[in-house]
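Colleague: First, the structure itself, so that you have it in front of you.
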Amino acid sequence: MSILTGPMRFHLDGQKELTAHKAVLKLPEPDDLYIPLVNGRAACTPTVKEGDEVKVGQKIGEPSDGFWFVPIFSPVSGTVVGIEKRMTTMLKPGDHLHIRNDHKYSAVRAFKSLDYENASREELLEFVKNAGMAGLGGAGFPTFNKYTKPDGIDLFIINAVECEPYLTADYANSMANPELMREGALALLKLSGAPKGKIAVKEDKKDLIEVLHKQFDGTPIEVAEVEDIYPAGWERTLIYMLTGKRYDRLPAEAGCILNNVSTCIALGNALKNGMPITEKYLTVSGDGVQNPQNVIVPIGTPAAEVVKACGGYVGEDCLLIAGGPMMGRTIPNDQFVVGLANNGLTVLQHREEFSVKCLRCGKCTETCPSGLMPVRINMAEKAKDIDTLKKLSIMDCIECGLCTYICPSKLDVTEGIRRAKRYMTLVK
Amino acid sequence: MKLTFNPSPNYRNEQSTVSIMKDVLLCLLAVDLYAVIYYCAAYGAQYGLRVVLMTLTACVSALLTDVIYYKVLKKDVIKEVKSSFSLITALIIVLISRISTAYYAIVVATVIAIFFGKLVFGGFGQNIFNPAAFGAAIIMGNFAGSYSADFATSATPTMAAKSLGWMITSGEFSSFISSYGGLGRMFLGQYASTIGSPCALLILLCGAYLIWNRDIDWQTPVFYIGTVFVEALIIGLMHGAGIEYALFSVLAGGVIFGGVFMATDPVTTPVSLPGRILWAVGCASLTLIIRDKSNLSDGVLFAILLMNMLTPAIDKLFDGNQIKDADKFKRNVLIGSACSIALTLLVGTSVKSASEKASAVSESETPAETGGAPAASANFGEALPMSYNFNANKASCEIDGTEGDVIRYSCKAKGFGLVTNADGDYQMNEAMVVVNKAEGKVTSMNVITFGETGGVGDAATSDEALAQFEGKGLDDEVNLVTGATFTTRSFASMAQAALKAAAEGE
Ligand code: SF4
Ligand code: SF4
């Protein structure tokens, strides 16, 4: 931060106390599950067909794409009913594999567990790939991809920051599974080839910090406390806070490689127990739901079931958000299902904002973590001034939402940037 | 139960434009309240009441302008007025006016500010000029008679400094500042100036409060006030003035008020921080250039208005990505600031202090001999009716001798009000006024004692300046001498007193 730029971040009220210290509810498994046949960007081809019996942990789909390679596994045992189209969290219809739950929970071992310490790097990488590990922080990027050719990495970072307001799923998951986290983290450290690692956690989560120290003291992974600001969990901001470095395209340019803490836990589980990701820690929170709390749900559970299990909606007009309120999308229909990359459902009562004209206060510019000037972008977009838009490097916007959050005039600033992006792609 | 779609994010900070404007309004009210108390205490209740009435006048005019405009446009009046924030403009107009400003001038300024300064641009957020500065500048330029003489106070520090060419050297400083009770009293706001300007301490506290609440950024006021200080310090050093001159330059006039309440108006200043810093430095420089070179006594308002015009250009200069273009931004700020500071200092070299002027006069071959005071030649400005209300000058006359219809009066009147004698009273100007009773005209006017600091107002004691009273009656006019208006009034008040005395046959 310099006097010329402003802080490029903001401390916002995380609303974490709504759920952080409540008991985690294990959801009764629903009768019908709909497993999304797409992970990340590549579609999966089902490896089972209508009428097949499946068991917990059995592989049911595999992508043809070698890059976006994330195989999927059945979260329950039961019968395959067929492929159905449902709305996804991307607000588009997508294929889902419908499985009818037989509530018997007969399981298979999805794959053999692996002792990462004695395994070779290649074996370990292959394991990560086949276990369907993906970035669980939101993007769903296949984990193995980051580690195929790590070069000149000197810091491995585990992101346990969870800066999105309302969400405490990573926190609850870490508190419940510290050994698995340790296992997965050390395995990824080995893959990265980095001499040391850091696990980043917000300084106000004292109990978690204590747990982390217990797990990691004596390993090359150091516990790094970071300030409670948004977006501390975003790669660029986190790397800047930990190393003081900025980079152009990939974290590797700053010598860093980064993974989410729940990915570490999932990998730990895969290494130790030979099980893929079949269920998720999910935060259900907000003033639009009766009992805000963390839940454990199998992948493929419709959102409606989850909300029902938490006491249902409060109020007549709600916003149902897949994820947290900053980066999560509102979905006007609660039939979408919990997927690999979901970590929360935020339900907020919908209130109209009293918005006034842009004050030109520049707060959006001062807080934008990407160093953009949202107010100038919105002005240029309205004027359809393509040259200025080019200068404003709008494609660097990560849609973190901070500009809308901070805007005192209550304008939809982020949405204006999305519009500008669309306009740019259209004109180009 | 209904699920609604709304683009992300769906989380908002508590702070709103409405809450920001409320905070600013609160601060302005505090300054206004201080003015009411100060004027009550220093000049009497009717002065305090006048501040209250001026405030109400401005607020009502502002609201009515809004309401009528939006009614005519058939908009939702309540909603529009709520998001127009015109009361702020109204209060600023009152606070940058002097106590003597006529009510009708306040109304005109407010209506112009709100209507032409804001609404015709498309309302709040769209205006180019700071509306309050816009309205005030219009009445200052065009409504010369807009001051009500019944409420005159002595000269404000900026006017006094202006008449000295905005340069007061260390030697002259203590006698100059004594009439304002010293810098300390100026800081605490115990002197007459524009209604809102005097209490620097209170305004700075307001600024701190607004910055703390993130209602305004700290860069603009700090760079604005800081640049004024640094530039005045350097210019002062070039002419043998000390740090007290720089402090005076900051405390006098609208620098602090403008820096906290007007330069921080986000609508009319650049949106980026580097842009704001450059804007503030430029605005400070213009403030000093206008003080030094124009015939306005203070430069704050016009500096703000001129810089408002540059806002779009400055915004363009800093378009880019704050991380990737950081070096470019830094360069632009440095080069821009350096240029504007250099220009100000260049202008500053040509400023002359009173003693420098005096020595320039004595070196020249034409020493003036007018009643003993060294006189510069006079430039005549606005007309001044002899029937003007000169109460503030407290003129008095005594008969000195009579020859038929011709009566010689020895008169006294308050002048510029800068110099005090040992008892702490104002040193009066004294003049011999000869009046022809039958004609009701002044025959001649001569200075006996010129009670003001050398260099201040002496243009009004030149032969030319005094000669203009000859043959003038109560219905005639004389002209104010440019740069010495207070002294001209002082002498005119004596002429008037003498004429009145003659008419009453004393
Ligand atoms: S949404 Fe985009 S423009 Fe707005 S603050 Fe985040 S990165 Fe910056
Ligand atoms: S935060 Fe909102 S009001 Fe302020 S400049 Fe940005 S868009 Fe305008």
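Labels for the structure tokens follow display order: chains A, B, ..., residues from 1 in each chain, ligands from 1.
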Which residues of chain A sit at most 10 Å from ligand 2, using only C-alpha atoms and all ligand atoms? Give each one's shortest atom pair and distance in Å (one decimal place), in chain and ascending residue order, as a Markdown table.

Modeller:
```
| residue | atom | partner | partner_atom_place_in_ligand_line | distance |
| --- | --- | --- | --- | --- |
| A:Ser355 | CA | ligand 2 | 3 (S) | 9.6 |
| A:Val356 | CA | ligand 2 | 3 (S) | 8.3 |
| A:Lys357 | CA | ligand 2 | 3 (S) | 7.1 |
| A:Cys358 | CA | ligand 2 | 3 (S) | 3.9 |
| A:Leu359 | CA | ligand 2 | 3 (S) | 4.1 |
| A:Arg360 | CA | ligand 2 | 5 (S) | 3.6 |
| A:Cys361 | CA | ligand 2 | 4 (Fe) | 4.0 |
| A:Gly362 | CA | ligand 2 | 5 (S) | 3.9 |
| A:Lys363 | CA | ligand 2 | 1 (S) | 4.5 |
| A:Cys364 | CA | ligand 2 | 1 (S) | 4.2 |
| A:Thr365 | CA | ligand 2 | 6 (Fe) | 6.5 |
| A:Glu366 | CA | ligand 2 | 1 (S) | 8.8 |
| A:Thr367 | CA | ligand 2 | 1 (S) | 9.0 |
| A:Cys368 | CA | ligand 2 | 6 (Fe) | 9.9 |
| A:Met373 | CA | ligand 2 | 6 (Fe) | 8.0 |
| A:Pro374 | CA | ligand 2 | 6 (Fe) | 6.3 |
| A:Val375 | CA | ligand 2 | 6 (Fe) | 4.6 |
| A:Arg376 | CA | ligand 2 | 5 (S) | 8.1 |
| A:Ile377 | CA | ligand 2 | 7 (S) | 9.4 |
| A:Asn378 | CA | ligand 2 | 7 (S) | 7.7 |
| A:Met379 | CA | ligand 2 | 7 (S) | 9.1 |
| A:Leu402 | CA | ligand 2 | 1 (S) | 9.4 |
| A:Cys403 | CA | ligand 2 | 1 (S) | 6.2 |
| A:Thr404 | CA | ligand 2 | 2 (Fe) | 7.0 |
| A:Tyr405 | CA | ligand 2 | 1 (S) | 8.4 |
| A:Ile406 | CA | ligand 2 | 1 (S) | 5.9 |
| A:Cys407 | CA | ligand 2 | 1 (S) | 3.5 |
| A:Pro408 | CA | ligand 2 | 3 (S) | 5.6 |
| A:Ser409 | CA | ligand 2 | 3 (S) | 4.8 |
| A:Lys410 | CA | ligand 2 | 2 (Fe) | 6.7 |
| A:Leu411 | CA | ligand 2 | 2 (Fe) | 6.0 |
| A:Asp412 | CA | ligand 2 | 7 (S) | 7.9 |
| A:Val413 | CA | ligand 2 | 7 (S) | 5.7 |
| A:Thr414 | CA | ligand 2 | 7 (S) | 9.1 |
| A:Gly416 | CA | ligand 2 | 7 (S) | 9.4 |
```

Colleague: Enumerate as a PyMOL selection string all residues of range 247-349 of chain A assigned to strand (DSSP E or B) by DSSP on the backbone, naming them with the chain letters and numbers the document uses.

Modeller: chain A and resi 256-260+279-285+289+293-298+302+313+317-322+329-330+337+344-349

Colleague: Among range 201-355 of chain B, which ones does DSSP assign to helix (DSSP H, G or I) (computed from the backbone)? Answer as an MDAnalysis selection string.

Modeller: chainID B and resid 201:212 219:238 243:251 255:262 266:268 273:293 300:317 326:349 354:355

Colleague: Which of these residues is nearest to Gly184 in chain B, using only C-alpha atoms: B:Leu201, B:Val120, B:Ile314, B:Ala109?

Modeller: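 Looking at the shortest contact to Gly184 in chain B, the residue is B:Leu201.
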
Colleague: Return as CSV the residues of chain B lying at most 9 Å from chain A, together with the closest atom-to-atom pair for each and the distance in Å to one decimal, counting only C-alpha atoms, with rows in chain order and ascending residue number.

Modeller:
```
residue,atom,partner,partner_atom,distance
B:Met1,CA,A:Glu316,CA,4.6
B:Lys2,CA,A:Asp317,CA,4.9
B:Leu3,CA,A:Pro332,CA,4.8
B:Thr4,CA,A:Pro332,CA,5.2
B:Phe5,CA,A:Pro332,CA,5.2
B:Asn6,CA,A:Thr330,CA,6.1
B:Pro7,CA,A:Glu415,CA,6.7
B:Ser8,CA,A:Arg329,CA,5.8
B:Pro9,CA,A:Met326,CA,4.2
B:Asn10,CA,A:Pro325,CA,5.0
B:Tyr11,CA,A:Pro325,CA,5.7
B:Arg12,CA,A:Tyr405,CA,4.3
B:Asn13,CA,A:Ile406,CA,5.5
B:Glu14,CA,A:Pro408,CA,8.0
B:Gln15,CA,A:Pro408,CA,5.7
B:Ser16,CA,A:Pro408,CA,3.8
B:Thr17,CA,A:Pro408,CA,4.7
B:Val18,CA,A:Pro408,CA,7.9
B:Ser19,CA,A:Pro408,CA,8.4
B:Ile20,CA,A:Pro408,CA,8.1
B:Glu80,CA,A:Val356,CA,8.9
B:Ser83,CA,A:Val356,CA,6.0
B:Ser84,CA,A:Val356,CA,8.7
B:Gly123,CA,A:Lys357,CA,8.8
B:Phe124,CA,A:Lys357,CA,6.8
B:Gly125,CA,A:Leu359,CA,5.3
B:Gln126,CA,A:Lys357,CA,8.3
B:Asp215,CA,A:Cys361,CA,8.8
B:Ile216,CA,A:Cys361,CA,8.0
B:Asp217,CA,A:Cys361,CA,8.8
B:Gln219,CA,A:Ile3,CA,7.7
B:Asp265,CA,A:Cys361,CA,8.5
B:Pro266,CA,A:Cys361,CA,5.0
B:Val267,CA,A:Arg360,CA,5.3
B:Thr268,CA,A:Arg360,CA,8.2
B:Thr269,CA,A:Arg360,CA,8.1
B:Pro270,CA,A:Arg360,CA,7.8
B:Val271,CA,A:Gly362,CA,4.7
B:Ser272,CA,A:Gly362,CA,5.9
B:Leu273,CA,A:Leu4,CA,5.3
B:Pro274,CA,A:Leu4,CA,5.0
B:Gly275,CA,A:Leu4,CA,8.6
B:Ile277,CA,A:Leu4,CA,8.1
B:Asp315,CA,A:Arg376,CA,8.4
B:Lys316,CA,A:Thr388,CA,8.5
B:Asp319,CA,A:Leu392,CA,6.2
B:Gly320,CA,A:Leu392,CA,4.4
B:Asn321,CA,A:Leu372,CA,5.2
B:Gln322,CA,A:Gly371,CA,4.6
B:Ile323,CA,A:Gly371,CA,5.4
B:Lys324,CA,A:Gly371,CA,8.1
B:Ala326,CA,A:Leu4,CA,8.3
B:Phe329,CA,A:Leu4,CA,8.1
B:Lys330,CA,A:Leu4,CA,7.6
```

Colleague: Could you dump the residues just selected with N, CA and C atoms as a compact mmCIF listing (two decimals), in the first residue's frame?

Modeller:
```txt
# COMPACT_ATOMS: atom_id res chain seq x y z
N MET B 1 -43.06 -18.12 -0.70
CA MET B 1 -41.60 -17.99 -0.73
C MET B 1 -41.11 -17.82 -2.17
N LYS B 2 -40.30 -16.87 -2.30
CA LYS B 2 -39.80 -16.61 -3.66
C LYS B 2 -38.29 -16.48 -3.60
N LEU B 3 -37.60 -17.04 -4.59
CA LEU B 3 -36.15 -16.90 -4.67
C LEU B 3 -35.84 -15.91 -5.79
N THR B 4 -35.08 -14.91 -5.45
CA THR B 4 -34.83 -13.85 -6.41
C THR B 4 -33.42 -13.95 -6.95
N PHE B 5 -33.25 -13.49 -8.18
CA PHE B 5 -31.90 -13.43 -8.74
C PHE B 5 -31.35 -12.03 -8.58
N ASN B 6 -30.13 -11.94 -8.15
CA ASN B 6 -29.46 -10.66 -8.08
C ASN B 6 -27.98 -10.92 -8.33
N PRO B 7 -27.38 -10.16 -9.23
CA PRO B 7 -25.96 -10.44 -9.52
C PRO B 7 -25.10 -10.25 -8.28
N SER B 8 -24.05 -11.05 -8.18
CA SER B 8 -23.19 -10.97 -7.00
C SER B 8 -22.37 -9.69 -7.08
N PRO B 9 -21.84 -9.20 -6.01
CA PRO B 9 -22.01 -9.71 -4.65
C PRO B 9 -23.33 -9.25 -4.04
N ASN B 10 -23.72 -9.96 -3.01
CA ASN B 10 -24.95 -9.60 -2.31
C ASN B 10 -24.65 -9.25 -0.87
N TYR B 11 -23.63 -8.46 -0.72
CA TYR B 11 -23.21 -8.09 0.61
C TYR B 11 -22.75 -6.65 0.50
N ARG B 12 -23.18 -5.82 1.45
CA ARG B 12 -22.89 -4.39 1.31
C ARG B 12 -22.29 -3.84 2.58
N ASN B 13 -21.38 -2.92 2.39
CA ASN B 13 -20.85 -2.19 3.53
C ASN B 13 -21.96 -1.32 4.11
N GLU B 14 -21.84 -1.04 5.41
CA GLU B 14 -22.87 -0.22 6.02
C GLU B 14 -22.83 1.22 5.53
N GLN B 15 -21.62 1.71 5.30
CA GLN B 15 -21.49 3.10 4.92
C GLN B 15 -22.22 3.37 3.61
N SER B 16 -22.96 4.47 3.58
CA SER B 16 -23.67 4.82 2.36
C SER B 16 -23.40 6.27 2.05
N THR B 17 -23.71 6.64 0.84
CA THR B 17 -23.54 8.04 0.46
C THR B 17 -24.38 8.92 1.38
N VAL B 18 -25.57 8.41 1.73
CA VAL B 18 -26.42 9.18 2.63
C VAL B 18 -25.71 9.37 3.98
N SER B 19 -25.06 8.33 4.48
CA SER B 19 -24.41 8.48 5.78
C SER B 19 -23.19 9.39 5.68
N ILE B 20 -22.50 9.35 4.55
CA ILE B 20 -21.36 10.25 4.36
C ILE B 20 -21.85 11.69 4.39
N GLU B 80 -35.83 12.18 -5.07
CA GLU B 80 -34.78 12.97 -5.72
C GLU B 80 -34.15 13.96 -4.74
N SER B 83 -31.75 12.41 -2.49
CA SER B 83 -30.44 12.05 -3.04
C SER B 83 -29.82 13.22 -3.80
N SER B 84 -30.19 14.43 -3.42
CA SER B 84 -29.60 15.59 -4.09
C SER B 84 -28.60 16.29 -3.17
N GLY B 123 -27.90 16.77 -12.08
CA GLY B 123 -28.10 16.50 -10.65
C GLY B 123 -26.85 16.00 -9.98
N PHE B 124 -27.03 15.59 -8.75
CA PHE B 124 -25.92 15.13 -7.92
C PHE B 124 -25.07 14.10 -8.65
N GLY B 125 -23.76 14.27 -8.57
CA GLY B 125 -22.86 13.30 -9.17
C GLY B 125 -22.46 13.64 -10.59
N GLN B 126 -23.19 14.55 -11.23
CA GLN B 126 -22.91 14.85 -12.63
C GLN B 126 -22.28 16.23 -12.80
N ASP B 215 -15.21 9.17 5.44
CA ASP B 215 -16.12 9.95 4.60
C ASP B 215 -15.34 10.70 3.54
N ILE B 216 -14.14 11.11 3.88
CA ILE B 216 -13.27 11.73 2.88
C ILE B 216 -11.91 11.06 3.01
N ASP B 217 -11.08 11.20 1.97
CA ASP B 217 -9.74 10.63 2.11
C ASP B 217 -8.83 11.68 2.74
N GLN B 219 -5.74 12.33 1.81
CA GLN B 219 -4.76 12.89 0.88
C GLN B 219 -5.11 14.32 0.46
N ASP B 265 -14.81 17.53 -2.05
CA ASP B 265 -16.06 17.14 -2.69
C ASP B 265 -15.72 16.11 -3.76
N PRO B 266 -16.12 14.86 -3.55
CA PRO B 266 -15.66 13.82 -4.48
C PRO B 266 -16.20 14.00 -5.88
N VAL B 267 -17.39 14.59 -5.97
CA VAL B 267 -18.03 14.66 -7.29
C VAL B 267 -17.19 15.48 -8.27
N THR B 268 -16.56 16.53 -7.77
CA THR B 268 -15.90 17.45 -8.68
C THR B 268 -14.37 17.34 -8.65
N THR B 269 -13.87 16.31 -7.99
CA THR B 269 -12.42 16.12 -7.98
C THR B 269 -12.12 14.75 -8.59
N PRO B 270 -10.86 14.48 -8.94
CA PRO B 270 -10.55 13.21 -9.59
C PRO B 270 -10.90 12.00 -8.70
N VAL B 271 -11.08 10.86 -9.32
CA VAL B 271 -11.47 9.69 -8.53
C VAL B 271 -10.28 8.91 -7.98
N SER B 272 -9.14 9.00 -8.62
CA SER B 272 -8.03 8.17 -8.15
C SER B 272 -7.18 8.95 -7.15
N LEU B 273 -6.50 8.25 -6.28
CA LEU B 273 -5.68 8.93 -5.28
C LEU B 273 -4.54 9.74 -5.90
N PRO B 274 -3.79 9.17 -6.86
CA PRO B 274 -2.76 10.03 -7.45
C PRO B 274 -3.36 11.26 -8.10
N GLY B 275 -4.53 11.07 -8.73
CA GLY B 275 -5.21 12.22 -9.33
C GLY B 275 -5.56 13.26 -8.28
N ILE B 277 -4.12 13.79 -5.40
CA ILE B 277 -2.93 14.46 -4.86
C ILE B 277 -2.48 15.54 -5.83
N ASP B 315 -8.28 12.86 -14.46
CA ASP B 315 -8.79 11.49 -14.42
C ASP B 315 -8.22 10.68 -15.57
N LYS B 316 -8.19 11.26 -16.73
CA LYS B 316 -7.67 10.56 -17.91
C LYS B 316 -6.18 10.24 -17.75
N ASP B 319 -5.70 6.98 -15.86
CA ASP B 319 -6.42 5.77 -16.25
C ASP B 319 -5.39 4.66 -16.41
N GLY B 320 -5.72 3.51 -15.89
CA GLY B 320 -4.79 2.39 -16.05
C GLY B 320 -4.97 1.41 -14.92
N ASN B 321 -3.96 0.60 -14.70
CA ASN B 321 -4.00 -0.36 -13.62
C ASN B 321 -3.04 0.10 -12.54
N GLN B 322 -3.56 0.23 -11.34
CA GLN B 322 -2.76 0.83 -10.27
C GLN B 322 -1.53 0.03 -9.91
N ILE B 323 -1.56 -1.27 -10.17
CA ILE B 323 -0.37 -2.07 -9.86
C ILE B 323 0.61 -2.01 -11.02
N LYS B 324 0.09 -2.27 -12.24
CA LYS B 324 1.00 -2.33 -13.38
C LYS B 324 1.52 -0.96 -13.78
N ALA B 326 2.00 1.59 -11.78
CA ALA B 326 2.37 2.34 -10.58
C ALA B 326 3.48 3.34 -10.86
N PHE B 329 2.24 6.35 -12.81
CA PHE B 329 1.43 7.24 -11.97
C PHE B 329 2.31 8.10 -11.09
N LYS B 330 3.32 7.45 -10.52
CA LYS B 330 4.21 8.19 -9.63
C LYS B 330 4.88 9.31 -10.41
```

Colleague: So that I can check the surroundings of Ile304 in chain B, please list as a PyMOL selection string every protein, DNA and RNA residue that reaches within 8 Å of it, counting only C-alpha atoms and ignoring chain neighbours fewer than 2 positions away.

Modeller: chain B and resi 130+133+262-263+283+300-302+306-308

Colleague: To one decimal in Å, tell me the separation between CA of Val24 in chain B and CA of Thr194 in chain B.

Modeller: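 Atom-to-atom, CA of Val24 in chain B to CA of Thr194 in chain B, that is 19.0 Å.
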
Colleague: Taking 4 positions as the minimum chain separation for residues in the same chain, which residues sit within 7 Å of range 67-82 of chain A when counting only C-alpha atoms? Answer as a count of residues only.

Modeller: 39

Colleague: Would you pick out the contacts of Ser193 in chain B at 12 Å or less, using only C-alpha atoms, so that residues sharing its chain but fewer than 5 positions from it are not included, and give the list as a PyMOL selection string?

Modeller: chain B and resi 35+38-39+95-101+152-160+180+186+198-200+251-254+257+297-298

Colleague: Any idea what's packed within 7 Å of range 90-94 of chain B, counting only C-alpha atoms, ignoring anything in its chain fewer than 5 positions away? Could you give it as a VMD selection string?

Modeller: chain B and resid 28 54 to 55 58 to 59 62 110 132 136 195

Colleague: Can you spit out the residues from that selection as a PDB file, in the first residue's frame, using N, CA and C atoms?

Modeller:
```pdb
ATOM      1  N   LEU B  28     -20.596  20.639   9.125  1.00  0.00           N
ATOM      2  CA  LEU B  28     -20.882  22.012   8.688  1.00  0.00           C
ATOM      3  C   LEU B  28     -21.758  22.717   9.714  1.00  0.00           C
ATOM      4  N   MET B  54     -29.346  33.714   7.942  1.00  0.00           N
ATOM      5  CA  MET B  54     -28.681  33.438   6.663  1.00  0.00           C
ATOM      6  C   MET B  54     -28.694  31.940   6.386  1.00  0.00           C
ATOM      7  N   THR B  55     -28.414  31.148   7.416  1.00  0.00           N
ATOM      8  CA  THR B  55     -28.411  29.698   7.261  1.00  0.00           C
ATOM      9  C   THR B  55     -29.784  29.208   6.813  1.00  0.00           C
ATOM     10  N   ALA B  58     -30.561  30.169   3.201  1.00  0.00           N
ATOM     11  CA  ALA B  58     -29.865  29.341   2.216  1.00  0.00           C
ATOM     12  C   ALA B  58     -30.503  27.959   2.135  1.00  0.00           C
ATOM     13  N   CYS B  59     -30.804  27.375   3.297  1.00  0.00           N
ATOM     14  CA  CYS B  59     -31.359  26.009   3.294  1.00  0.00           C
ATOM     15  C   CYS B  59     -32.718  25.985   2.599  1.00  0.00           C
ATOM     16  N   ALA B  62     -32.339  26.395  -1.120  1.00  0.00           N
ATOM     17  CA  ALA B  62     -31.805  25.193  -1.749  1.00  0.00           C
ATOM     18  C   ALA B  62     -32.904  24.144  -1.916  1.00  0.00           C
ATOM     19  N   THR B 110     -27.451  30.696  -3.719  1.00  0.00           N
ATOM     20  CA  THR B 110     -27.895  29.321  -3.490  1.00  0.00           C
ATOM     21  C   THR B 110     -28.669  28.789  -4.695  1.00  0.00           C
ATOM     22  N   ALA B 132     -21.252  25.062  -4.540  1.00  0.00           N
ATOM     23  CA  ALA B 132     -21.188  26.188  -3.606  1.00  0.00           C
ATOM     24  C   ALA B 132     -20.189  27.221  -4.097  1.00  0.00           C
ATOM     25  N   ALA B 136     -21.176  31.075  -5.102  1.00  0.00           N
ATOM     26  CA  ALA B 136     -20.533  32.174  -4.381  1.00  0.00           C
ATOM     27  C   ALA B 136     -19.716  33.029  -5.336  1.00  0.00           C
ATOM     28  N   ILE B 195     -17.932  33.666   7.371  1.00  0.00           N
ATOM     29  CA  ILE B 195     -18.611  33.135   8.551  1.00  0.00           C
ATOM     30  C   ILE B 195     -17.997  31.823   9.026  1.00  0.00           C
TER      31      ILE B 195
END
```

Colleague: In Å, how far is it from CA of Val281 in chain B to CA of Thr220 in chain B?

Modeller: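 Taking CA of Val281 in chain B as the start and CA of Thr220 in chain B as the end point, the length is 8.6 Å.
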
Colleague: Please report the interatomic distance between CA of Ala380 in chain A and CA of Asn127 in chain B in Å with one decimal.

Modeller: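 The value is 17.4 Å.
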
Colleague: For Glu225 in chain A, please output as a compact mmCIF listing (two decimals) with N, CA, C and O atoms, in the first residue's frame all residues within 7 Å (counting only C-alpha atoms; exclusion window: fewer than 4 positions along the same chain).

Modeller:
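Written output follows (around37.txt):
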```
# COMPACT_ATOMS: atom_id res chain seq x y z
N ALA A 200 -1.57 -20.70 5.58
CA ALA A 200 -2.05 -19.36 5.90
C ALA A 200 -3.43 -19.44 6.54
O ALA A 200 -4.33 -20.10 6.03
N VAL A 201 -3.57 -18.76 7.66
CA VAL A 201 -4.84 -18.79 8.39
C VAL A 201 -5.07 -17.42 8.98
O VAL A 201 -4.14 -16.69 9.29
N LYS A 202 -6.34 -17.03 9.08
CA LYS A 202 -6.62 -15.69 9.62
C LYS A 202 -6.28 -15.62 11.09
O LYS A 202 -6.57 -16.54 11.87
N GLU A 203 -5.70 -14.49 11.47
CA GLU A 203 -5.15 -14.36 12.81
C GLU A 203 -6.22 -14.46 13.91
O GLU A 203 -5.90 -14.76 15.05
```

Colleague: Pick from A:Ile398, A:Val284, A:Ala420, A:Val108: nearest to ligand 1, with only C-alpha atoms and all ligand atoms counted?

Modeller: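 Residue with the minimum atom-to-atom distance to ligand 1: A:Ile398.
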
Colleague: Using only C-alpha atoms, which residue out of B:Leu345, B:Ile448, B:Leu480, B:Ala460 lies closest to Gly236 in chain B?

Modeller: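 Under the stated criterion, the closest residue is B:Leu345.
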
Colleague: A:Ile153, A:Met424, A:Ile417, A:Leu27: which is nearest ligand 1, counting only C-alpha atoms and all ligand atoms?

Modeller: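 Among the listed residues, the smallest separation from ligand 1 belongs to A:Ile417.
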
Colleague: May I ask which of the residues B:Asn436, B:Ser396, B:Ser61, B:Ser170 is the closest one to Glu470 in chain B, counting only C-alpha atoms?

Modeller: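 Comparing B:Asn436, B:Ser396, B:Ser61, B:Ser170 against Glu470 in chain B, the winner is B:Asn436.
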
Colleague: Here is a test: counting only C-alpha atoms and all ligand atoms, which residue of A:Arg182, A:Arg236, A:Lys245, A:Lys214 is nearest to ligand 1?

Modeller: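 Using only C-alpha atoms and all ligand atoms, ligand 1 sits closest to A:Arg236.
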